[in-house]
file work-v6.json (JSON, N, CA and C atoms)
[["chain", "number", "residue", "atom", "x", "y", "z"],
["A", 1, "MET", "N", -16.47, 6.66, 17.11],
["A", 1, "MET", "CA", -15.96, 6.01, 15.93],
["A", 1, "MET", "C", -14.51, 5.61, 16.21],
["A", 2, "ARG", "N", -14.18, 4.37, 15.90],
["A", 2, "ARG", "CA", -12.83, 3.88, 16.16],
["A", 2, "ARG", "C", -12.23, 3.37, 14.86],
["A", 3, "PHE", "N", -11.06, 3.82, 14.55],
["A", 3, "PHE", "CA", -10.36, 3.36, 13.37],
["A", 3, "PHE", "C", -9.28, 2.39, 13.79],
["A", 4, "GLY", "N", -9.31, 1.19, 13.27],
["A", 4, "GLY", "CA", -8.32, 0.17, 13.61],
["A", 4, "GLY", "C", -7.17, 0.19, 12.63],
["A", 5, "LEU", "N", -6.44, 1.25, 12.59],
["A", 5, "LEU", "CA", -5.37, 1.39, 11.61],
["A", 5, "LEU", "C", -4.30, 0.32, 11.74],
["A", 6, "PHE", "N", -4.16, -0.22, 12.91],
["A", 6, "PHE", "CA", -3.10, -1.20, 13.11],
["A", 6, "PHE", "C", -3.66, -2.56, 13.46],
["A", 7, "GLY", "N", -4.87, -2.83, 13.06],
["A", 7, "GLY", "CA", -5.50, -4.13, 13.29],
["A", 7, "GLY", "C", -6.27, -4.14, 14.58],
["A", 8, "LYS", "N", -7.16, -5.10, 14.70],
["A", 8, "LYS", "CA", -7.95, -5.24, 15.91],
["A", 8, "LYS", "C", -7.07, -5.77, 17.02],
["A", 9, "ALA", "N", -7.44, -5.45, 18.24],
["A", 9, "ALA", "CA", -6.62, -5.83, 19.39],
["A", 9, "ALA", "C", -6.28, -7.31, 19.40],
["A", 10, "GLY", "N", -7.22, -8.19, 19.06],
["A", 10, "GLY", "CA", -6.98, -9.62, 19.10],
["A", 10, "GLY", "C", -6.22, -10.15, 17.90],
["A", 11, "THR", "N", -6.00, -9.30, 16.88],
["A", 11, "THR", "CA", -5.35, -9.78, 15.66],
["A", 11, "THR", "C", -4.06, -9.03, 15.36],
["A", 12, "ARG", "N", -3.54, -8.30, 16.30],
["A", 12, "ARG", "CA", -2.30, -7.57, 16.04],
["A", 12, "ARG", "C", -1.20, -8.55, 15.68],
["A", 13, "LYS", "N", -0.32, -8.11, 14.86],
["A", 13, "LYS", "CA", 0.69, -9.00, 14.29],
["A", 13, "LYS", "C", 1.74, -9.42, 15.30],
["A", 14, "GLY", "N", 1.96, -10.74, 15.37],
["A", 14, "GLY", "CA", 3.02, -11.30, 16.19],
["A", 14, "GLY", "C", 4.17, -11.68, 15.28],
["A", 15, "GLY", "N", 5.15, -12.40, 15.80],
["A", 15, "GLY", "CA", 6.38, -12.75, 15.09],
["A", 15, "GLY", "C", 6.22, -13.20, 13.65],
["A", 16, "ASP", "N", 5.52, -14.32, 13.42],
["A", 16, "ASP", "CA", 5.38, -14.85, 12.06],
["A", 16, "ASP", "C", 4.59, -13.90, 11.17],
["A", 17, "ALA", "N", 3.52, -13.32, 11.70],
["A", 17, "ALA", "CA", 2.70, -12.41, 10.91],
["A", 17, "ALA", "C", 3.49, -11.17, 10.52],
["A", 18, "LYS", "N", 4.33, -10.68, 11.43],
["A", 18, "LYS", "CA", 5.16, -9.51, 11.11],
["A", 18, "LYS", "C", 6.14, -9.84, 10.00],
["A", 19, "ALA", "N", 6.73, -11.03, 10.06],
["A", 19, "ALA", "CA", 7.68, -11.45, 9.03],
["A", 19, "ALA", "C", 6.98, -11.56, 7.68],
["A", 20, "GLU", "N", 5.77, -12.11, 7.66],
["A", 20, "GLU", "CA", 5.01, -12.23, 6.42],
["A", 20, "GLU", "C", 4.65, -10.86, 5.87],
["A", 21, "ALA", "N", 4.27, -9.94, 6.74],
["A", 21, "ALA", "CA", 3.93, -8.58, 6.31],
["A", 21, "ALA", "C", 5.15, -7.89, 5.72],
["A", 22, "LYS", "N", 6.31, -8.10, 6.32],
["A", 22, "LYS", "CA", 7.55, -7.49, 5.81],
["A", 22, "LYS", "C", 7.88, -8.04, 4.42],
["A", 23, "VAL", "N", 7.71, -9.34, 4.24],
["A", 23, "VAL", "CA", 7.96, -9.96, 2.93],
["A", 23, "VAL", "C", 7.00, -9.39, 1.90],
["A", 24, "ALA", "N", 5.71, -9.27, 2.24],
["A", 24, "ALA", "CA", 4.72, -8.72, 1.32],
["A", 24, "ALA", "C", 5.04, -7.27, 0.97],
["A", 25, "THR", "N", 5.45, -6.50, 1.97],
["A", 25, "THR", "CA", 5.80, -5.10, 1.75],
["A", 25, "THR", "C", 6.98, -4.97, 0.79],
["A", 26, "GLU", "N", 8.02, -5.75, 1.02],
["A", 26, "GLU", "CA", 9.21, -5.69, 0.17],
["A", 26, "GLU", "C", 8.90, -6.16, -1.24],
["A", 27, "ARG", "N", 8.05, -7.19, -1.36],
["A", 27, "ARG", "CA", 7.65, -7.70, -2.68],
["A", 27, "ARG", "C", 6.92, -6.60, -3.46],
["A", 28, "LEU", "N", 5.98, -5.94, -2.80],
["A", 28, "LEU", "CA", 5.23, -4.88, -3.46],
["A", 28, "LEU", "C", 6.11, -3.69, -3.83],
["A", 29, "LYS", "N", 7.02, -3.32, -2.95],
["A", 29, "LYS", "CA", 7.94, -2.21, -3.26],
["A", 29, "LYS", "C", 8.77, -2.53, -4.49],
["A", 30, "ALA", "N", 9.29, -3.74, -4.57],
["A", 30, "ALA", "CA", 10.11, -4.14, -5.72],
["A", 30, "ALA", "C", 9.28, -4.13, -7.00],
["A", 31, "GLN", "N", 8.05, -4.62, -6.92],
["A", 31, "GLN", "CA", 7.18, -4.63, -8.10],
["A", 31, "GLN", "C", 6.82, -3.22, -8.54],
["A", 32, "VAL", "N", 6.53, -2.34, -7.59],
["A", 32, "VAL", "CA", 6.20, -0.95, -7.92],
["A", 32, "VAL", "C", 7.40, -0.29, -8.60],
["A", 33, "ARG", "N", 8.59, -0.49, -8.03],
["A", 33, "ARG", "CA", 9.81, 0.11, -8.60],
["A", 33, "ARG", "C", 10.00, -0.35, -10.04],
["A", 34, "GLU", "N", 9.78, -1.65, -10.28],
["A", 34, "GLU", "CA", 9.96, -2.20, -11.63],
["A", 34, "GLU", "C", 8.87, -1.71, -12.58],
["A", 35, "LEU", "N", 7.62, -1.78, -12.17],
["A", 35, "LEU", "CA", 6.51, -1.39, -13.04],
["A", 35, "LEU", "C", 6.56, 0.08, -13.43],
["A", 36, "LEU", "N", 6.98, 0.93, -12.50],
["A", 36, "LEU", "CA", 7.03, 2.37, -12.79],
["A", 36, "LEU", "C", 8.40, 2.83, -13.25],
["A", 37, "GLY", "N", 9.37, 1.92, -13.28],
["A", 37, "GLY", "CA", 10.73, 2.28, -13.71],
["A", 37, "GLY", "C", 11.34, 3.35, -12.82],
["A", 38, "LEU", "N", 11.19, 3.18, -11.51],
["A", 38, "LEU", "CA", 11.65, 4.21, -10.57],
["A", 38, "LEU", "C", 13.14, 4.09, -10.28],
["A", 39, "PRO", "N", 13.80, 5.23, -10.14],
["A", 39, "PRO", "CA", 15.22, 5.21, -9.75],
["A", 39, "PRO", "C", 15.36, 4.88, -8.27],
["A", 40, "GLU", "N", 16.55, 4.53, -7.85],
["A", 40, "GLU", "CA", 16.80, 4.21, -6.43],
["A", 40, "GLU", "C", 16.51, 5.40, -5.52],
["A", 41, "ALA", "N", 16.60, 6.62, -6.05],
["A", 41, "ALA", "CA", 16.36, 7.81, -5.25],
["A", 41, "ALA", "C", 14.88, 7.95, -4.86],
["A", 42, "ALA", "N", 14.01, 7.25, -5.56],
["A", 42, "ALA", "CA", 12.57, 7.33, -5.24],
["A", 42, "ALA", "C", 12.28, 6.47, -4.01],
["A", 43, "ALA", "N", 11.47, 7.02, -3.12],
["A", 43, "ALA", "CA", 11.06, 6.27, -1.92],
["A", 43, "ALA", "C", 9.67, 5.71, -2.15],
["A", 44, "ILE", "N", 9.45, 4.49, -1.67],
["A", 44, "ILE", "CA", 8.16, 3.84, -1.81],
["A", 44, "ILE", "C", 7.70, 3.42, -0.42],
["A", 45, "ALA", "N", 6.48, 3.77, -0.07],
["A", 45, "ALA", "CA", 5.88, 3.34, 1.20],
["A", 45, "ALA", "C", 4.67, 2.49, 0.88],
["A", 46, "VAL", "N", 4.57, 1.33, 1.54],
["A", 46, "VAL", "CA", 3.43, 0.45, 1.36],
["A", 46, "VAL", "C", 2.82, 0.20, 2.74],
["A", 47, "ASN", "N", 1.54, 0.48, 2.87],
["A", 47, "ASN", "CA", 0.85, 0.30, 4.15],
["A", 47, "ASN", "C", -0.49, -0.36, 3.94],
["A", 48, "GLU", "N", -0.86, -1.18, 4.90],
["A", 48, "GLU", "CA", -2.18, -1.79, 4.91],
["A", 48, "GLU", "C", -2.99, -1.08, 5.98],
["A", 49, "ILE", "N", -4.16, -0.61, 5.59],
["A", 49, "ILE", "CA", -5.00, 0.14, 6.51],
["A", 49, "ILE", "C", -6.31, -0.61, 6.71],
["A", 50, "LEU", "N", -6.69, -0.76, 7.95],
["A", 50, "LEU", "CA", -7.95, -1.42, 8.30],
["A", 50, "LEU", "C", -8.84, -0.40, 8.98],
["A", 51, "CYS", "N", -10.00, -0.18, 8.42],
["A", 51, "CYS", "CA", -10.94, 0.78, 9.00],
["A", 51, "CYS", "C", -12.11, 0.01, 9.59],
["A", 52, "ALA", "N", -12.38, 0.21, 10.87],
["A", 52, "ALA", "CA", -13.47, -0.48, 11.55],
["A", 52, "ALA", "C", -14.83, 0.17, 11.31],
["A", 53, "ASP", "N", -14.86, 1.34, 10.72],
["A", 53, "ASP", "CA", -16.10, 2.04, 10.42],
["A", 53, "ASP", "C", -16.83, 1.30, 9.29],
["A", 54, "PRO", "N", -18.12, 0.98, 9.47],
["A", 54, "PRO", "CA", -18.87, 0.27, 8.42],
["A", 54, "PRO", "C", -18.91, 1.00, 7.08],
["A", 55, "ALA", "N", -18.72, 2.32, 7.08],
["A", 55, "ALA", "CA", -18.73, 3.09, 5.84],
["A", 55, "ALA", "C", -17.43, 2.94, 5.05],
["A", 56, "CYS", "N", -16.39, 2.41, 5.70],
["A", 56, "CYS", "CA", -15.11, 2.23, 5.03],
["A", 56, "CYS", "C", -15.12, 0.95, 4.20],
["A", 57, "PRO", "N", -14.22, 0.87, 3.22],
["A", 57, "PRO", "CA", -14.18, -0.32, 2.38],
["A", 57, "PRO", "C", -13.58, -1.54, 3.06],
["A", 58, "GLY", "N", -13.07, -1.40, 4.26],
["A", 58, "GLY", "CA", -12.42, -2.52, 4.96],
["A", 58, "GLY", "C", -10.92, -2.39, 4.87],
["A", 59, "THR", "N", -10.26, -3.46, 4.47],
["A", 59, "THR", "CA", -8.80, -3.44, 4.36],
["A", 59, "THR", "C", -8.40, -2.86, 3.01],
["A", 60, "GLU", "N", -7.42, -1.97, 3.06],
["A", 60, "GLU", "CA", -6.96, -1.28, 1.87],
["A", 60, "GLU", "C", -5.44, -1.23, 1.90],
["A", 61, "THR", "N", -4.82, -1.43, 0.74],
["A", 61, "THR", "CA", -3.38, -1.27, 0.63],
["A", 61, "THR", "C", -3.12, 0.07, -0.04],
["A", 62, "VAL", "N", -2.31, 0.89, 0.62],
["A", 62, "VAL", "CA", -2.00, 2.22, 0.11],
["A", 62, "VAL", "C", -0.50, 2.27, -0.22],
["A", 63, "ILE", "N", -0.20, 2.71, -1.43],
["A", 63, "ILE", "CA", 1.19, 2.80, -1.88],
["A", 63, "ILE", "C", 1.49, 4.26, -2.19],
["A", 64, "LEU", "N", 2.53, 4.78, -1.57],
["A", 64, "LEU", "CA", 2.98, 6.15, -1.83],
["A", 64, "LEU", "C", 4.30, 6.09, -2.58],
["A", 65, "VAL", "N", 4.40, 6.86, -3.65],
["A", 65, "VAL", "CA", 5.63, 6.94, -4.43],
["A", 65, "VAL", "C", 6.13, 8.37, -4.32],
["A", 66, "MET", "N", 7.35, 8.52, -3.78],
["A", 66, "MET", "CA", 7.92, 9.83, -3.53],
["A", 66, "MET", "C", 9.23, 9.97, -4.31],
["A", 67, "LYS", "N", 9.18, 10.80, -5.35],
["A", 67, "LYS", "CA", 10.37, 11.07, -6.15],
["A", 67, "LYS", "C", 10.87, 12.46, -5.80],
["A", 68, "PRO", "N", 12.19, 12.61, -5.63],
["A", 68, "PRO", "CA", 12.74, 13.93, -5.29],
["A", 68, "PRO", "C", 12.30, 15.00, -6.30],
["A", 69, "GLY", "N", 11.81, 16.10, -5.76],
["A", 69, "GLY", "CA", 11.41, 17.23, -6.60],
["A", 69, "GLY", "C", 10.03, 17.10, -7.23],
["A", 70, "GLU", "N", 9.31, 16.03, -6.91],
["A", 70, "GLU", "CA", 7.97, 15.83, -7.48],
["A", 70, "GLU", "C", 6.96, 15.63, -6.37],
["A", 71, "LYS", "N", 5.69, 15.82, -6.70],
["A", 71, "LYS", "CA", 4.63, 15.60, -5.73],
["A", 71, "LYS", "C", 4.50, 14.10, -5.47],
["A", 72, "THR", "N", 4.13, 13.76, -4.26],
["A", 72, "THR", "CA", 3.91, 12.37, -3.88],
["A", 72, "THR", "C", 2.70, 11.83, -4.63],
["A", 73, "ARG", "N", 2.83, 10.61, -5.15],
["A", 73, "ARG", "CA", 1.71, 9.95, -5.82],
["A", 73, "ARG", "C", 1.20, 8.83, -4.90],
["A", 74, "ALA", "N", -0.12, 8.71, -4.79],
["A", 74, "ALA", "CA", -0.73, 7.68, -3.96],
["A", 74, "ALA", "C", -1.59, 6.77, -4.82],
["A", 75, "TYR", "N", -1.46, 5.47, -4.56],
["A", 75, "TYR", "CA", -2.25, 4.46, -5.26],
["A", 75, "TYR", "C", -2.92, 3.59, -4.20],
["A", 76, "LYS", "N", -4.18, 3.21, -4.43],
["A", 76, "LYS", "CA", -4.91, 2.43, -3.45],
["A", 76, "LYS", "C", -5.48, 1.18, -4.09],
["A", 77, "LEU", "N", -5.40, 0.08, -3.36],
["A", 77, "LEU", "CA", -6.00, -1.18, -3.78],
["A", 77, "LEU", "C", -6.94, -1.62, -2.67],
["A", 78, "GLN", "N", -8.14, -2.00, -3.02],
["A", 78, "GLN", "CA", -9.15, -2.38, -2.04],
["A", 78, "GLN", "C", -8.97, -3.84, -1.62],
["A", 79, "MET", "N", -7.79, -4.17, -1.10],
["A", 79, "MET", "CA", -7.48, -5.52, -0.64],
["A", 79, "MET", "C", -6.28, -5.47, 0.30],
["A", 80, "ALA", "N", -6.10, -6.54, 1.04],
["A", 80, "ALA", "CA", -4.96, -6.64, 1.95],
["A", 80, "ALA", "C", -3.68, -6.81, 1.14],
["A", 81, "MET", "N", -2.55, -6.44, 1.72],
["A", 81, "MET", "CA", -1.25, -6.56, 1.04],
["A", 81, "MET", "C", -1.00, -7.98, 0.53],
["A", 82, "ALA", "N", -1.30, -8.97, 1.36],
["A", 82, "ALA", "CA", -1.05, -10.36, 1.00],
["A", 82, "ALA", "C", -1.88, -10.82, -0.19],
["A", 83, "GLU", "N", -2.99, -10.13, -0.45],
["A", 83, "GLU", "CA", -3.88, -10.50, -1.54],
["A", 83, "GLU", "C", -3.53, -9.80, -2.86],
["A", 84, "VAL", "N", -2.65, -8.82, -2.84],
["A", 84, "VAL", "CA", -2.32, -8.05, -4.03],
["A", 84, "VAL", "C", -1.53, -8.93, -5.00],
["A", 85, "THR", "N", -2.07, -9.10, -6.19],
["A", 85, "THR", "CA", -1.38, -9.86, -7.23],
["A", 85, "THR", "C", -0.62, -8.90, -8.14],
["A", 86, "ALA", "N", 0.28, -9.45, -8.93],
["A", 86, "ALA", "CA", 1.03, -8.62, -9.87],
["A", 86, "ALA", "C", 0.08, -7.93, -10.84],
["A", 87, "GLY", "N", -0.95, -8.63, -11.28],
["A", 87, "GLY", "CA", -1.92, -8.06, -12.21],
["A", 87, "GLY", "C", -2.72, -6.93, -11.59],
["A", 88, "ALA", "N", -3.18, -7.13, -10.35],
["A", 88, "ALA", "CA", -3.95, -6.09, -9.65],
["A", 88, "ALA", "C", -3.09, -4.86, -9.42],
["A", 89, "LEU", "N", -1.82, -5.08, -9.09],
["A", 89, "LEU", "CA", -0.91, -3.96, -8.86],
["A", 89, "LEU", "C", -0.67, -3.19, -10.15],
["A", 90, "ALA", "N", -0.40, -3.90, -11.23],
["A", 90, "ALA", "CA", -0.16, -3.25, -12.52],
["A", 90, "ALA", "C", -1.38, -2.44, -12.95],
["A", 91, "GLU", "N", -2.57, -3.00, -12.73],
["A", 91, "GLU", "CA", -3.80, -2.29, -13.08],
["A", 91, "GLU", "C", -3.95, -1.03, -12.24],
["A", 92, "ALA", "N", -3.69, -1.13, -10.95],
["A", 92, "ALA", "CA", -3.83, 0.04, -10.06],
["A", 92, "ALA", "C", -2.83, 1.13, -10.42],
["A", 93, "LEU", "N", -1.62, 0.74, -10.75],
["A", 93, "LEU", "CA", -0.59, 1.73, -11.08],
["A", 93, "LEU", "C", -0.82, 2.36, -12.45],
["A", 94, "GLY", "N", -1.36, 1.58, -13.37],
["A", 94, "GLY", "CA", -1.56, 2.09, -14.73],
["A", 94, "GLY", "C", -2.86, 2.83, -14.91],
["A", 95, "ARG", "N", -3.89, 2.41, -14.22],
["A", 95, "ARG", "CA", -5.22, 2.96, -14.41],
["A", 95, "ARG", "C", -5.55, 4.04, -13.40],
["A", 96, "SER", "N", -4.94, 3.92, -12.22],
["A", 96, "SER", "CA", -5.27, 4.85, -11.14],
["A", 96, "SER", "C", -4.72, 6.22, -11.46],
["A", 97, "ARG", "N", -5.47, 7.22, -11.14],
["A", 97, "ARG", "CA", -4.97, 8.60, -11.26],
["A", 97, "ARG", "C", -4.11, 8.87, -10.04],
["A", 98, "ALA", "N", -2.90, 9.27, -10.25],
["A", 98, "ALA", "CA", -2.03, 9.59, -9.12],
["A", 98, "ALA", "C", -2.63, 10.78, -8.39],
["A", 99, "THR", "N", -2.61, 10.69, -7.08],
["A", 99, "THR", "CA", -3.16, 11.78, -6.27],
["A", 99, "THR", "C", -2.09, 12.36, -5.38],
["A", 100, "LYS", "N", -2.24, 13.62, -5.08],
["A", 100, "LYS", "CA", -1.30, 14.30, -4.20],
["A", 100, "LYS", "C", -1.56, 13.85, -2.78],
["A", 101, "SER", "N", -0.50, 13.58, -2.05],
["A", 101, "SER", "CA", -0.65, 13.12, -0.67],
["A", 101, "SER", "C", -0.37, 14.25, 0.30]]
call {"tool": "encode", "arguments": {"input": "work-v6.json", "output": "structure tokens"}}
result
Amino acid sequence: MRFGLFGKAGTRKGGDAKAEAKVATERLKAQVRELLGLPEAAAIAVNEILCADPACPGTETVILVMKPGEKTRAYKLQMAMAEVTAGALAEALGRSRATKS
């Protein structure tokens, strides 16, 4: 079983793709901070995970919210980072049960 956490060998991110991924990551972090009203002390991690196993949902965006003195909260969206809309993000953050990471 092989997990392609960083993309398939032929599709690994090059210059332009890396820049686009960075823009998407920063956009999502800013939206998460605003939607949850997070202070600057809170850390936000946004990652896109690709699972090559047929049992996996495919590409998933995972958002971790880490506030000092609190348990880490994880939110998952069953889509690539570039596909995440403001509405989908708001729904995931509001409806999703925060999970311990």
call {"tool": "residues_around", "arguments": {"input": "work-v6.json", "residues": "Glu48 of chain A", "least_positions_apart": "2", "cutoff": "6.5 Å", "atoms": "only N, CA and C atoms", "output": "PyMOL selection string"}}
result
chain A and resi 5+46+50+59-62+80-81
call {"tool": "atom_distance", "arguments": {"input": "work-v6.json", "atom1": "atom C of Ala86 of chain A", "atom2": "atom CA of Asp53 of chain A"}}
result
28.5 Å
call {"tool": "residues_around", "arguments": {"input": "work-v6.json", "residues": "Leu35 of chain A", "least_positions_apart": "6", "cutoff": "8 Å", "atoms": "only N, CA and C atoms", "output": "VMD selection string"}}
result
chain A and resid 29 89 to 90 93
call {"tool": "atom_distance", "arguments": {"input": "work-v6.json", "atom1": "atom C of Ala92 of chain A", "atom2": "atom N of Val23 of chain A"}}
result
20.9 Å
call {"tool": "atom_distance", "arguments": {"input": "work-v6.json", "atom1": "atom CA of Gly94 of chain A", "atom2": "atom C of Arg73 of chain A"}}
result
12.2 Å
call {"tool": "residues_around", "arguments": {"input": "work-v6.json", "residues": "Ala82 of chain A", "least_positions_apart": "4", "cutoff": "9 Å", "atoms": "only C-alpha atoms", "output": "ChimeraX atom specification"}}
result
/A:20-21,24-25
